[in-house]
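> Sharing my_file02.pdb here; it has PDB, C-alpha atoms.
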```pdb
ATOM      1  CA  MET A1352     134.826  31.797 100.265
ATOM      2  CA  VAL A1353     136.415  34.950  98.883
ATOM      3  CA  ALA A1354     134.316  34.696  95.724
ATOM      4  CA  MET A1355     131.172  34.317  97.837
ATOM      5  CA  THR A1356     132.047  37.405  99.832
ATOM      6  CA  LEU A1357     132.771  39.366  96.682
ATOM      7  CA  ALA A1358     129.497  38.246  95.113
ATOM      8  CA  ARG A1359     127.600  39.212  98.253
ATOM      9  CA  LEU A1360     129.264  42.628  98.313
ATOM     10  CA  ALA A1361     128.520  43.148  94.623
ATOM     11  CA  ALA A1362     124.881  42.153  95.153
ATOM     12  CA  SER A1363     124.471  44.598  98.022
ATOM     13  CA  PHE A1364     126.207  47.353  96.003
ATOM     14  CA  ASP A1365     128.972  47.670  98.600
ATOM     15  CA  LEU A1366     131.560  46.798  95.987
ATOM     16  CA  LYS A1367     132.358  49.712  93.740
ATOM     17  CA  THR A1368     134.133  49.528  90.438
ATOM     18  CA  SER A1369     137.240  51.663  90.340
ATOM     19  CA  ASN A1370     137.553  54.550  87.956
ATOM     20  CA  MET A1371     140.452  54.544  85.520
ATOM     21  CA  PRO A1372     140.641  58.062  84.088
ATOM     22  CA  ASP A1373     140.862  58.195  80.293
ATOM     23  CA  MET A1374     143.000  60.692  78.399
ATOM     24  CA  HIS A1375     140.248  63.307  78.107
ATOM     25  CA  GLN A1376     139.668  63.189  81.825
ATOM     26  CA  ARG A1377     143.384  63.464  82.507
ATOM     27  CA  GLU A1378     143.599  66.466  80.189
ATOM     28  CA  LEU A1379     140.698  68.202  81.927
ATOM     29  CA  ARG A1380     142.261  67.461  85.309
ATOM     30  CA  LEU A1381     145.564  68.939  84.184
ATOM     31  CA  LEU A1382     143.881  72.123  82.946
ATOM     32  CA  PHE A1383     141.975  72.497  86.210
ATOM     33  CA  LYS A1384     145.123  71.818  88.232
ATOM     34  CA  ARG A1385     146.989  74.559  86.419
ATOM     35  CA  ILE A1386     144.132  77.037  86.856
ATOM     36  CA  ASP A1387     143.917  76.202  90.565
ATOM     37  CA  ALA A1388     147.677  76.598  90.977
ATOM     38  CA  TRP A1389     147.586  80.033  89.336
ATOM     39  CA  LYS A1390     144.674  81.096  91.510
ATOM     40  CA  VAL A1391     146.599  80.050  94.619
ATOM     41  CA  GLN A1392     149.652  81.947  93.346
ATOM     42  CA  ARG A1393     147.518  85.043  92.693
ATOM     43  CA  THR A1394     146.068  84.895  96.197
ATOM     44  CA  GLN A1395     149.562  84.548  97.680
ATOM     45  CA  ILE A1396     150.786  87.617  95.789
ATOM     46  CA  THR A1397     147.804  89.781  96.759
ATOM     47  CA  ASN A1398     147.883  88.624 100.395
ATOM     48  CA  ARG A1399     151.585  89.384 100.662
ATOM     49  CA  ALA A1400     151.111  92.829  99.114
ATOM     50  CA  ASN A1401     148.187  93.513 101.428
ATOM     51  CA  GLY A1402     150.274  92.473 104.448
ATOM     52  CA  ILE A1403     153.159  94.735 103.444
ATOM     53  CA  LEU A1404     150.904  97.724 102.738
ATOM     54  CA  THR A1405     148.934  97.246 105.954
ATOM     55  CA  GLY A1406     152.238  97.069 107.851
ATOM     56  CA  LEU A1407     153.159 100.426 106.335
ATOM     57  CA  GLY A1408     149.844 101.910 107.473
ATOM     58  CA  PHE A1409     148.027 101.774 104.114
ATOM     59  CA  ALA A1410     145.033  99.551 104.989
ATOM     60  CA  VAL A1411     142.788 100.242 101.970
ATOM     61  CA  PHE A1412     143.083  96.688 100.682
ATOM     62  CA  ARG A1413     141.394  95.359 103.745
ATOM     63  CA  LEU A1414     138.264  97.002 102.339
ATOM     64  CA  VAL A1415     138.823  96.566  98.609
ATOM     65  CA  PRO A1416     140.302  93.411  97.065
ATOM     66  CA  ILE A1417     143.488  94.079  95.100
ATOM     67  CA  ASN A1418     142.351  91.793  92.287
ATOM     68  CA  SER A1419     139.405  93.930  91.197
ATOM     69  CA  PRO A1420     139.102  96.889  88.803
ATOM     70  CA  THR A1421     138.785  99.299  91.740
ATOM     71  CA  GLY A1422     141.691  97.624  93.524
ATOM     72  CA  PHE A1423     143.958  98.077  90.484
ATOM     73  CA  GLN A1424     142.857 101.691  90.109
ATOM     74  CA  ILE A1425     143.590 102.449  93.766
ATOM     75  CA  LEU A1426     146.967 100.709  93.540
ATOM     76  CA  ASN A1427     147.883 102.709  90.424
ATOM     77  CA  GLY A1428     146.573 105.865  92.070
ATOM     78  CA  SER A1429     148.680 105.332  95.167
ATOM     79  CA  ILE A1430     151.765 104.806  92.986
ATOM     80  CA  SER A1431     151.053 108.047  91.150
ATOM     81  CA  LYS A1432     150.628 109.750  94.563
ATOM     82  CA  LEU A1433     146.965 110.700  94.475
ATOM     83  CA  THR A1434     145.521 112.232  97.625
ATOM     84  CA  PRO A1435     143.371 110.057  99.940
ATOM     85  CA  ALA A1436     140.237 111.900  98.814
ATOM     86  CA  GLU A1437     141.044 111.226  95.157
ATOM     87  CA  LEU A1438     141.742 107.564  95.923
ATOM     88  CA  ALA A1439     138.398 107.274  97.706
ATOM     89  CA  LEU A1440     136.622 108.710  94.661
ATOM     90  CA  LEU A1441     137.832 105.714  92.642
ATOM     91  CA  HIS A1442     135.479 103.443  94.585
ATOM     92  CA  PRO A1443     132.008 103.163  92.983
ATOM     93  CA  ARG A1444     130.101 103.135  96.304
ATOM     94  CA  LYS A1445     129.716 106.472  98.002
ATOM     95  CA  LEU A1446     129.146 104.927 101.431
ATOM     96  CA  ARG A1447     132.542 103.257 101.460
ATOM     97  CA  ARG A1448     134.482 106.319 100.383
ATOM     98  CA  PRO A1449     134.960 107.953 103.846
ATOM     99  CA  GLU A1450     136.375 104.720 105.260
ATOM    100  CA  ILE A1451     138.727 104.320 102.293
ATOM    101  CA  GLU A1452     139.863 107.908 102.650
ATOM    102  CA  LYS A1453     140.671 107.261 106.295
ATOM    103  CA  CYS A1454     142.622 104.094 105.498
ATOM    104  CA  ALA A1455     144.546 105.776 102.663
ATOM    105  CA  ALA A1456     145.757 108.653 104.829
ATOM    106  CA  PHE A1457     149.313 107.280 104.800
ATOM    107  CA  THR A1458     151.342 108.146 101.682
ATOM    108  CA  LEU A1459     153.295 105.188 100.373
ATOM    109  CA  PRO A1460     157.098 105.647 100.313
ATOM    110  CA  ASP A1461     158.844 105.636  96.932
ATOM    111  CA  PHE A1462     160.689 102.352  97.516
ATOM    112  CA  THR A1463     157.359 100.470  97.421
ATOM    113  CA  HIS A1464     156.410 101.696  93.945
ATOM    114  CA  THR A1465     158.550  99.208  92.003
ATOM    115  CA  TYR A1466     157.220  96.372  94.123
ATOM    116  CA  LEU A1467     153.615  97.471  93.625
ATOM    117  CA  ASN A1468     154.138  97.734  89.860
ATOM    118  CA  ASP A1469     155.437  94.173  89.916
ATOM    119  CA  VAL A1470     152.381  93.069  91.900
ATOM    120  CA  ILE A1471     150.019  94.651  89.362
ATOM    121  CA  ASN A1472     151.858  93.078  86.426
ATOM    122  CA  GLU A1473     152.015  89.633  88.014
ATOM    123  CA  VAL A1474     148.341  89.612  88.984
ATOM    124  CA  ARG A1475     147.287  90.824  85.506
ATOM    125  CA  ASN A1476     149.498  88.219  83.895
ATOM    126  CA  LEU A1477     147.980  85.467  86.047
ATOM    127  CA  ASN A1478     144.467  86.729  85.276
ATOM    128  CA  GLN A1479     145.176  86.537  81.546
ATOM    129  CA  ARG A1480     146.542  83.012  81.848
ATOM    130  CA  ILE A1481     143.539  81.875  83.886
ATOM    131  CA  GLU A1482     141.092  83.385  81.386
ATOM    132  CA  ALA A1483     142.910  81.752  78.451
ATOM    133  CA  TYR A1484     142.796  78.352  80.144
ATOM    134  CA  GLU A1485     139.139  78.763  81.037
ATOM    135  CA  VAL A1486     138.343  79.408  77.382
ATOM    136  CA  GLU A1487     140.379  76.333  76.459
ATOM    137  CA  LEU A1488     138.501  74.276  79.046
ATOM    138  CA  LEU A1489     135.153  75.303  77.613
ATOM    139  CA  SER A1490     136.344  74.391  74.134
ATOM    140  CA  LYS A1491     137.101  70.875  75.461
ATOM    141  CA  VAL A1492     133.367  70.303  75.979
ATOM    142  CA  ASP A1493     132.935  69.792  72.235
ATOM    143  CA  VAL A1494     136.277  68.080  71.704
ATOM    144  CA  CYS A1495     135.609  65.477  74.413
ATOM    145  CA  GLN A1496     131.977  65.049  73.252
ATOM    146  CA  LEU A1497     130.610  66.137  76.605
ATOM    147  CA  THR A1498     128.042  68.616  75.267
ATOM    148  CA  GLU A1499     124.974  66.573  76.197
ATOM    149  CA  GLN A1500     126.321  65.564  79.580
ATOM    150  CA  VAL A1501     127.318  69.106  80.516
ATOM    151  CA  ALA A1502     123.942  70.412  79.305
ATOM    152  CA  LEU A1503     122.225  67.909  81.616
ATOM    153  CA  ILE A1504     124.374  68.647  84.641
ATOM    154  CA  VAL A1505     123.965  72.396  84.232
ATOM    155  CA  THR A1506     120.206  72.021  84.805
ATOM    156  CA  VAL A1507     120.905  71.280  88.491
ATOM    157  CA  PRO A1508     120.502  74.526  90.446
ATOM    158  CA  GLY A1509     123.794  76.141  91.377
ATOM    159  CA  VAL A1510     125.894  74.154  88.896
ATOM    160  CA  THR A1511     127.787  76.134  86.264
ATOM    161  CA  ARG A1512     129.528  74.764  83.193
ATOM    162  CA  PHE A1513     132.853  74.923  85.001
ATOM    163  CA  LEU A1514     131.512  72.996  87.967
ATOM    164  CA  ALA A1515     130.024  70.409  85.622
ATOM    165  CA  LEU A1516     133.368  70.045  83.872
ATOM    166  CA  ARG A1517     135.134  69.802  87.198
ATOM    167  CA  ALA A1518     132.807  67.029  88.316
ATOM    168  CA  ILE A1519     133.583  65.140  85.114
ATOM    169  CA  ALA A1520     137.319  65.816  85.470
ATOM    170  CA  GLU A1521     137.380  64.590  89.057
ATOM    171  CA  LEU A1522     134.963  61.689  88.898
ATOM    172  CA  GLY A1523     134.806  60.651  85.257
ATOM    173  CA  PHE A1524     132.011  60.925  82.710
ATOM    174  CA  ASN A1525     130.281  57.806  84.115
ATOM    175  CA  PHE A1526     130.409  58.796  87.781
ATOM    176  CA  HIS A1527     126.740  57.980  88.338
ATOM    177  CA  GLN A1528     127.297  54.310  87.442
ATOM    178  CA  ARG A1529     129.645  53.756  90.346
ATOM    179  CA  TYR A1530     127.138  54.698  93.044
ATOM    180  CA  TYR A1531     123.858  52.957  93.706
ATOM    181  CA  SER A1532     122.076  55.977  95.168
ATOM    182  CA  ALA A1533     122.290  59.722  95.301
ATOM    183  CA  GLU A1534     123.026  59.396  98.995
ATOM    184  CA  ALA A1535     125.995  57.117  98.332
ATOM    185  CA  PHE A1536     127.284  59.577  95.750
ATOM    186  CA  ALA A1537     126.986  62.476  98.193
ATOM    187  CA  LYS A1538     128.701  60.357 100.827
ATOM    188  CA  ALA A1539     131.566  59.551  98.487
ATOM    189  CA  ILE A1540     132.073  63.230  97.736
ATOM    190  CA  GLY A1541     131.938  64.019 101.439
ATOM    191  CA  VAL A1542     128.869  66.232 101.671
ATOM    192  CA  VAL A1543     126.510  64.382 103.961
ATOM    193  CA  PRO A1544     124.838  66.570 106.533
ATOM    194  CA  ALA A1545     121.408  65.451 107.735
ATOM    195  CA  MET A1546     118.691  67.016 105.597
ATOM    196  CA  ARG A1547     116.110  68.250 108.053
ATOM    197  CA  SER A1548     114.018  70.735 106.194
ATOM    198  CA  ARG A1549     110.240  70.692 106.347
ATOM    199  CA  GLU A1550     110.126  69.712 102.687
ATOM    200  CA  ALA A1551     112.604  66.862 103.174
ATOM    201  CA  ASN A1552     110.750  65.511 106.220
ATOM    202  CA  CYS A1553     107.472  65.395 104.306
ATOM    203  CA  SER A1554     109.164  63.564 101.472
ATOM    204  CA  TYR A1555     110.798  61.048 103.805
ATOM    205  CA  ALA A1556     107.356  60.356 105.275
ATOM    206  CA  ARG A1557     106.075  59.864 101.728
ATOM    207  CA  LEU A1558     109.001  57.561 101.000
ATOM    208  CA  ARG A1559     108.330  55.448 104.088
ATOM    209  CA  THR A1560     104.623  55.043 103.324
ATOM    210  CA  ALA A1561     105.380  54.285  99.688
ATOM    211  CA  THR A1562     107.819  51.485 100.551
ATOM    212  CA  CYS A1563     105.514  50.046 103.249
ATOM    213  CA  ALA A1564     102.620  49.923 100.821
TER     214      ALA A1564
ATOM    215  CA  MET B 265     137.885  64.181  96.194
ATOM    216  CA  ARG B 266     138.280  67.839  95.475
ATOM    217  CA  LEU B 267     134.708  68.263  94.275
ATOM    218  CA  LYS B 268     133.448  68.843  97.812
ATOM    219  CA  TYR B 269     135.210  72.178  98.040
ATOM    220  CA  HIS B 270     133.639  73.388  94.794
ATOM    221  CA  LEU B 271     130.123  72.267  95.726
ATOM    222  CA  LEU B 272     130.468  74.065  99.050
ATOM    223  CA  SER B 273     131.730  77.137  97.202
ATOM    224  CA  ALA B 274     128.663  77.121  94.944
ATOM    225  CA  ALA B 275     126.412  76.954  98.003
ATOM    226  CA  LYS B 276     128.392  79.637  99.816
ATOM    227  CA  ALA B 277     128.229  81.924  96.789
ATOM    228  CA  TYR B 278     124.448  81.778  96.966
ATOM    229  CA  SER B 279     124.343  82.173 100.751
ATOM    230  CA  ILE B 280     126.503  85.288 100.563
ATOM    231  CA  HIS B 281     125.110  87.027  97.484
ATOM    232  CA  ARG B 282     121.543  85.622  97.537
ATOM    233  CA  LYS B 283     121.469  85.641  93.764
ATOM    234  CA  GLY B 284     121.041  82.581  91.607
ATOM    235  CA  PRO B 285     118.914  79.493  91.154
ATOM    236  CA  LEU B 286     119.330  78.052  94.667
ATOM    237  CA  HIS B 287     116.607  80.238  96.136
ATOM    238  CA  ALA B 288     113.963  77.537  96.687
ATOM    239  CA  TRP B 289     116.382  75.137  98.342
ATOM    240  CA  TYR B 290     117.809  77.864 100.504
ATOM    241  CA  GLU B 291     114.328  78.878 101.611
ATOM    242  CA  SER B 292     113.528  75.316 102.683
ATOM    243  CA  TYR B 293     116.408  75.614 105.164
ATOM    244  CA  HIS B 294     115.308  79.072 106.237
ATOM    245  CA  ALA B 295     114.887  78.090 109.881
ATOM    246  CA  ARG B 296     118.536  77.230 110.162
ATOM    247  CA  THR B 297     120.524  80.030 111.602
ATOM    248  CA  ASN B 298     123.798  78.213 111.264
ATOM    249  CA  PHE B 299     125.404  79.361 108.028
ATOM    250  CA  ARG B 300     127.640  76.307 107.700
ATOM    251  CA  LYS B 301     124.774  73.892 108.097
ATOM    252  CA  VAL B 302     122.777  75.593 105.360
ATOM    253  CA  THR B 303     125.675  75.642 102.929
ATOM    254  CA  SER B 304     126.546  72.016 103.574
ATOM    255  CA  ALA B 305     122.913  70.984 103.162
ATOM    256  CA  LEU B 306     122.724  72.891  99.876
ATOM    257  CA  SER B 307     125.917  71.266  98.644
ATOM    258  CA  ARG B 308     124.477  67.861  99.428
ATOM    259  CA  ARG B 309     121.386  68.674  97.410
ATOM    260  CA  ILE B 310     123.519  69.791  94.494
ATOM    261  CA  ALA B 311     125.515  66.545  94.701
ATOM    262  CA  GLU B 312     122.350  64.453  94.727
ATOM    263  CA  GLY B 313     121.015  66.486  91.808
ATOM    264  CA  LEU B 314     124.190  65.716  89.851
ATOM    265  CA  TRP B 315     123.631  62.003  90.351
ATOM    266  CA  TRP B 316     119.928  62.102  89.537
ATOM    267  CA  VAL B 317     120.181  63.967  86.253
ATOM    268  CA  MET B 318     122.773  61.486  85.056
ATOM    269  CA  VAL B 319     120.799  58.425  86.141
ATOM    270  CA  ARG B 320     117.486  59.594  84.743
ATOM    271  CA  ASN B 321     119.177  61.139  81.724
ATOM    272  CA  GLU B 322     116.840  64.093  81.689
ATOM    273  CA  PRO B 323     117.072  67.713  82.835
ATOM    274  CA  PHE B 324     116.565  68.471  86.486
ATOM    275  CA  HIS B 325     112.944  69.356  87.303
ATOM    276  CA  TYR B 326     113.153  72.259  89.626
ATOM    277  CA  SER B 327     109.647  71.864  91.052
ATOM    278  CA  GLN B 328     110.144  68.170  91.769
ATOM    279  CA  SER B 329     111.728  67.416  95.108
ATOM    280  CA  GLN B 330     114.686  65.067  94.995
ATOM    281  CA  GLU B 331     113.227  62.973  97.801
ATOM    282  CA  ALA B 332     109.993  62.588  95.877
ATOM    283  CA  VAL B 333     112.011  61.299  92.947
ATOM    284  CA  THR B 334     113.747  58.850  95.306
ATOM    285  CA  ALA B 335     110.362  57.591  96.456
ATOM    286  CA  GLN B 336     109.211  57.004  92.881
ATOM    287  CA  VAL B 337     112.323  55.054  91.999
ATOM    288  CA  VAL B 338     112.200  52.963  95.189
ATOM    289  CA  THR B 339     108.581  51.992  94.565
ATOM    290  CA  ALA B 340     109.363  51.219  90.928
ATOM    291  CA  MET B 341     112.192  48.887  91.962
TER     292      MET B 341
END
```
Represent the supplied structure as structure tokens.

Amino acid sequence: MVAMTLARLAASFDLKTSNMPDMHQRELRLLFKRIDAWKVQRTQITNRANGILTGLGFAVFRLVPINSPTGFQILNGSISKLTPAELALLHPRKLRRPEIEKCAAFTLPDFTHTYLNDVINEVRNLNQRIEAYEVELLSKVDVCQLTEQVALIVTVPGVTRFLALRAIAELGFNFHQRYYSAEAFAKAIGVVPAMRSREANCSYARLRTATCA
Amino acid sequence: MRLKYHLLSAAKAYSIHRKGPLHAWYESYHARTNFRKVTSALSRRIAEGLWWVMVRNEPFHYSQSQEAVTAQVVTAM
């Protein structure tokens, strides 16, 4: 009875084979995990610094992200006690400068300087680590013999090499074999809104007529 | 699966910056004013594209609608 049920499920594609990740996949997953952890850590550091500075009345980093070239320049400028007008000049867009000048009107007290230096160093350090690991990840494409697969996946609009590698790291190199349709694959990932565009409706009509014929 | 987050991020990146190869798909959902619905629909299309390129073992044809491809395969089966 159980065998019959299993056979029926297998015939109707309801029974999926499980994925046992191989060593390459585990390695890719580990690299991605570490990169994600560092990104979370970086966000925590910048958010905390932004909260502290905003609490002190220095709200520039609500307009400019700390982890950007301009953000670093403004942070360094505020440590070296530049005037609000000079800090505003560090931003490349002229339209944003008056707002930045207004937000930078408060001079940061000296006791924050050590902390801000630490923030800059930590964020730069994390950025370097993330970049190094990203380079290592890309080098794994050749090592794991995924060149052809990644080249194929990248042809899908909106998919970068990193996203392609992440798909392989999460789902395995043979992910397409475990799902009997694109819809089932999308469902397994968890992205299944109804597709109601004009183009999609036309195609569904075409699909219905094609199957009826 | 953590892939969902990254597919949604790819769609969001296009919706925010309007730069990149998702233009045609985004335009087909132009009538939708709800930002979340558009991004989730785009992420679904990306996911289906991922599956199709692997199954057909050929590069994604941008001009060819995914649903049209589905129709061809269904009739072939």
> Pick the closest to chain A from B:Glu312, B:Tyr278, B:Leu272, B:Lys283: which is it, counting all atoms listed in the file?
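Closest to chain A, using all atoms listed in the file: B:Glu312.
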> Return as a VMD selection string the set of residues that the PyMOL selection byres ((chain A and resi 1454) around 8) yields on the displayed structure.
chain A and resid 1408 to 1411 1450 to 1453 1455 to 1457
> Please measure the separation of CA of Ala1354 (chain A) and CA of Val319 (chain B), giving the value in Å to one decimal.
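These atoms are spaced 28.9 Å apart.
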> Dig up all the protein and nucleic acid residues within 12 Å of (150.2, 86.7, 86.0) in the file frame, using all atoms listed in the file, and format them as a list in words.
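With a cut-off of 12 Å, the residues come to Ile1386, Ala1388, Trp1389, Lys1390, Val1391, Gln1392, Arg1393, Thr1394, Gln1395, Ile1396, Thr1397, Asn1418, Asp1469, Val1470, Ile1471, Asn1472, Glu1473, Val1474, Arg1475, Asn1476, Leu1477, Asn1478, Gln1479, Arg1480, Ile1481, Glu1482 and Ala1483 of chain A.
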> With C-alpha atoms retained, export the selected residues as a PDB file, keeping the file's coordinate frame.

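New file part18.pdb:
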```pdb
ATOM      1  CA  ILE A1386     144.132  77.037  86.856  1.00  0.00           C
ATOM      2  CA  ALA A1388     147.677  76.598  90.977  1.00  0.00           C
ATOM      3  CA  TRP A1389     147.586  80.033  89.336  1.00  0.00           C
ATOM      4  CA  LYS A1390     144.674  81.096  91.510  1.00  0.00           C
ATOM      5  CA  VAL A1391     146.599  80.050  94.619  1.00  0.00           C
ATOM      6  CA  GLN A1392     149.652  81.947  93.346  1.00  0.00           C
ATOM      7  CA  ARG A1393     147.518  85.043  92.693  1.00  0.00           C
ATOM      8  CA  THR A1394     146.068  84.895  96.197  1.00  0.00           C
ATOM      9  CA  GLN A1395     149.562  84.548  97.680  1.00  0.00           C
ATOM     10  CA  ILE A1396     150.786  87.617  95.789  1.00  0.00           C
ATOM     11  CA  THR A1397     147.804  89.781  96.759  1.00  0.00           C
ATOM     12  CA  ASN A1418     142.351  91.793  92.287  1.00  0.00           C
ATOM     13  CA  ASP A1469     155.437  94.173  89.916  1.00  0.00           C
ATOM     14  CA  VAL A1470     152.381  93.069  91.900  1.00  0.00           C
ATOM     15  CA  ILE A1471     150.019  94.651  89.362  1.00  0.00           C
ATOM     16  CA  ASN A1472     151.858  93.078  86.426  1.00  0.00           C
ATOM     17  CA  GLU A1473     152.015  89.633  88.014  1.00  0.00           C
ATOM     18  CA  VAL A1474     148.341  89.612  88.984  1.00  0.00           C
ATOM     19  CA  ARG A1475     147.287  90.824  85.506  1.00  0.00           C
ATOM     20  CA  ASN A1476     149.498  88.219  83.895  1.00  0.00           C
ATOM     21  CA  LEU A1477     147.980  85.467  86.047  1.00  0.00           C
ATOM     22  CA  ASN A1478     144.467  86.729  85.276  1.00  0.00           C
ATOM     23  CA  GLN A1479     145.176  86.537  81.546  1.00  0.00           C
ATOM     24  CA  ARG A1480     146.542  83.012  81.848  1.00  0.00           C
ATOM     25  CA  ILE A1481     143.539  81.875  83.886  1.00  0.00           C
ATOM     26  CA  GLU A1482     141.092  83.385  81.386  1.00  0.00           C
ATOM     27  CA  ALA A1483     142.910  81.752  78.451  1.00  0.00           C
TER      28      ALA A1483
END
```
> Report, in Å to a single decimal, how far apart CA of Ala305 (chain B) and CA of Ala1520 (chain A) are.
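Atom-to-atom, CA of Ala1520 (chain A) and CA of Ala305 (chain B) are spaced 23.4 Å apart.
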> Please provide as a PDB file with C-alpha atoms, in the frame of the given file all residues within 12 Å of Ser1429 (chain A), with the sequence filter that same-chain residues fewer than 2 positions apart are discarded (counting all atoms listed in the file).

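Okay, around-v9.pdb is ready:
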```pdb
ATOM      1  CA  LEU A1404     150.904  97.724 102.738  1.00  0.00           C
ATOM      2  CA  PHE A1409     148.027 101.774 104.114  1.00  0.00           C
ATOM      3  CA  ALA A1410     145.033  99.551 104.989  1.00  0.00           C
ATOM      4  CA  VAL A1411     142.788 100.242 101.970  1.00  0.00           C
ATOM      5  CA  PHE A1412     143.083  96.688 100.682  1.00  0.00           C
ATOM      6  CA  GLY A1422     141.691  97.624  93.524  1.00  0.00           C
ATOM      7  CA  PHE A1423     143.958  98.077  90.484  1.00  0.00           C
ATOM      8  CA  GLN A1424     142.857 101.691  90.109  1.00  0.00           C
ATOM      9  CA  ILE A1425     143.590 102.449  93.766  1.00  0.00           C
ATOM     10  CA  LEU A1426     146.967 100.709  93.540  1.00  0.00           C
ATOM     11  CA  ASN A1427     147.883 102.709  90.424  1.00  0.00           C
ATOM     12  CA  SER A1431     151.053 108.047  91.150  1.00  0.00           C
ATOM     13  CA  LYS A1432     150.628 109.750  94.563  1.00  0.00           C
ATOM     14  CA  LEU A1433     146.965 110.700  94.475  1.00  0.00           C
ATOM     15  CA  THR A1434     145.521 112.232  97.625  1.00  0.00           C
ATOM     16  CA  PRO A1435     143.371 110.057  99.940  1.00  0.00           C
ATOM     17  CA  ALA A1436     140.237 111.900  98.814  1.00  0.00           C
ATOM     18  CA  GLU A1437     141.044 111.226  95.157  1.00  0.00           C
ATOM     19  CA  LEU A1438     141.742 107.564  95.923  1.00  0.00           C
ATOM     20  CA  ALA A1439     138.398 107.274  97.706  1.00  0.00           C
ATOM     21  CA  LEU A1441     137.832 105.714  92.642  1.00  0.00           C
ATOM     22  CA  GLU A1452     139.863 107.908 102.650  1.00  0.00           C
ATOM     23  CA  ALA A1455     144.546 105.776 102.663  1.00  0.00           C
ATOM     24  CA  ALA A1456     145.757 108.653 104.829  1.00  0.00           C
ATOM     25  CA  PHE A1457     149.313 107.280 104.800  1.00  0.00           C
ATOM     26  CA  THR A1458     151.342 108.146 101.682  1.00  0.00           C
ATOM     27  CA  LEU A1459     153.295 105.188 100.373  1.00  0.00           C
ATOM     28  CA  PRO A1460     157.098 105.647 100.313  1.00  0.00           C
ATOM     29  CA  ASP A1461     158.844 105.636  96.932  1.00  0.00           C
ATOM     30  CA  THR A1463     157.359 100.470  97.421  1.00  0.00           C
ATOM     31  CA  HIS A1464     156.410 101.696  93.945  1.00  0.00           C
ATOM     32  CA  LEU A1467     153.615  97.471  93.625  1.00  0.00           C
ATOM     33  CA  ASN A1468     154.138  97.734  89.860  1.00  0.00           C
TER      34      ASN A1468
END
```
> Counting only C-alpha atoms, what is within 8 Å of region 1504-1509 of chain A, bar same-chain residues fewer than 5 positions away, as a ChimeraX atom specification?
/A:1515 /B:274-275,278,284-286,310,313-314,317-318,323-324,326
> Pull all heavy atoms for region 286-290 of chain B from the block and write them as an mmCIF file, in the first residue's frame.

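For reference, out_28.cif as written:
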```
data_model
loop_
_atom_site.group_PDB
_atom_site.id
_atom_site.type_symbol
_atom_site.label_atom_id
_atom_site.label_comp_id
_atom_site.auth_asym_id
_atom_site.auth_seq_id
_atom_site.Cartn_x
_atom_site.Cartn_y
_atom_site.Cartn_z
ATOM 1 N N LEU B 286 16.011 44.426 -16.404
ATOM 2 C CA LEU B 286 14.636 44.020 -16.092
ATOM 3 C C LEU B 286 13.583 44.967 -16.659
ATOM 4 O O LEU B 286 12.407 44.865 -16.310
ATOM 5 C CB LEU B 286 14.452 43.923 -14.571
ATOM 6 C CG LEU B 286 15.141 42.750 -13.877
ATOM 7 C CD1 LEU B 286 15.054 42.898 -12.382
ATOM 8 C CD2 LEU B 286 14.495 41.448 -14.302
ATOM 9 N N HIS B 287 13.991 45.839 -17.557
ATOM 10 C CA HIS B 287 13.102 46.889 -18.033
ATOM 11 C C HIS B 287 11.811 46.342 -18.653
ATOM 12 O O HIS B 287 10.717 46.760 -18.310
ATOM 13 C CB HIS B 287 13.839 47.764 -19.051
ATOM 14 C CG HIS B 287 13.006 48.875 -19.579
ATOM 15 N ND1 HIS B 287 12.728 50.002 -18.825
ATOM 16 C CD2 HIS B 287 12.345 49.029 -20.747
ATOM 17 C CE1 HIS B 287 11.950 50.797 -19.525
ATOM 18 N NE2 HIS B 287 11.704 50.236 -20.693
ATOM 19 N N ALA B 288 11.960 45.368 -19.567
ATOM 20 C CA ALA B 288 10.786 44.857 -20.289
ATOM 21 C C ALA B 288 9.786 44.200 -19.333
ATOM 22 O O ALA B 288 8.581 44.409 -19.446
ATOM 23 C CB ALA B 288 11.232 43.859 -21.347
ATOM 24 N N TRP B 289 10.295 43.427 -18.407
ATOM 25 C CA TRP B 289 9.410 42.772 -17.442
ATOM 26 C C TRP B 289 8.729 43.801 -16.544
ATOM 27 O O TRP B 289 7.557 43.684 -16.232
ATOM 28 C CB TRP B 289 10.201 41.784 -16.576
ATOM 29 C CG TRP B 289 10.557 40.539 -17.297
ATOM 30 C CD1 TRP B 289 10.123 40.173 -18.542
ATOM 31 C CD2 TRP B 289 11.395 39.496 -16.840
ATOM 32 N NE1 TRP B 289 10.652 38.966 -18.873
ATOM 33 C CE2 TRP B 289 11.434 38.519 -17.849
ATOM 34 C CE3 TRP B 289 12.122 39.288 -15.675
ATOM 35 C CZ2 TRP B 289 12.169 37.353 -17.726
ATOM 36 C CZ3 TRP B 289 12.854 38.128 -15.551
ATOM 37 C CH2 TRP B 289 12.874 37.172 -16.566
ATOM 38 N N TYR B 290 9.496 44.780 -16.150
ATOM 39 C CA TYR B 290 8.930 45.811 -15.278
ATOM 40 C C TYR B 290 7.814 46.556 -16.007
ATOM 41 O O TYR B 290 6.771 46.842 -15.435
ATOM 42 C CB TYR B 290 10.022 46.781 -14.845
ATOM 43 C CG TYR B 290 9.587 47.722 -13.749
ATOM 44 C CD1 TYR B 290 9.669 47.334 -12.421
ATOM 45 C CD2 TYR B 290 9.095 48.980 -14.042
ATOM 46 C CE1 TYR B 290 9.271 48.170 -11.401
ATOM 47 C CE2 TYR B 290 8.695 49.838 -13.023
ATOM 48 C CZ TYR B 290 8.790 49.422 -11.708
ATOM 49 O OH TYR B 290 8.390 50.252 -10.699
#
```
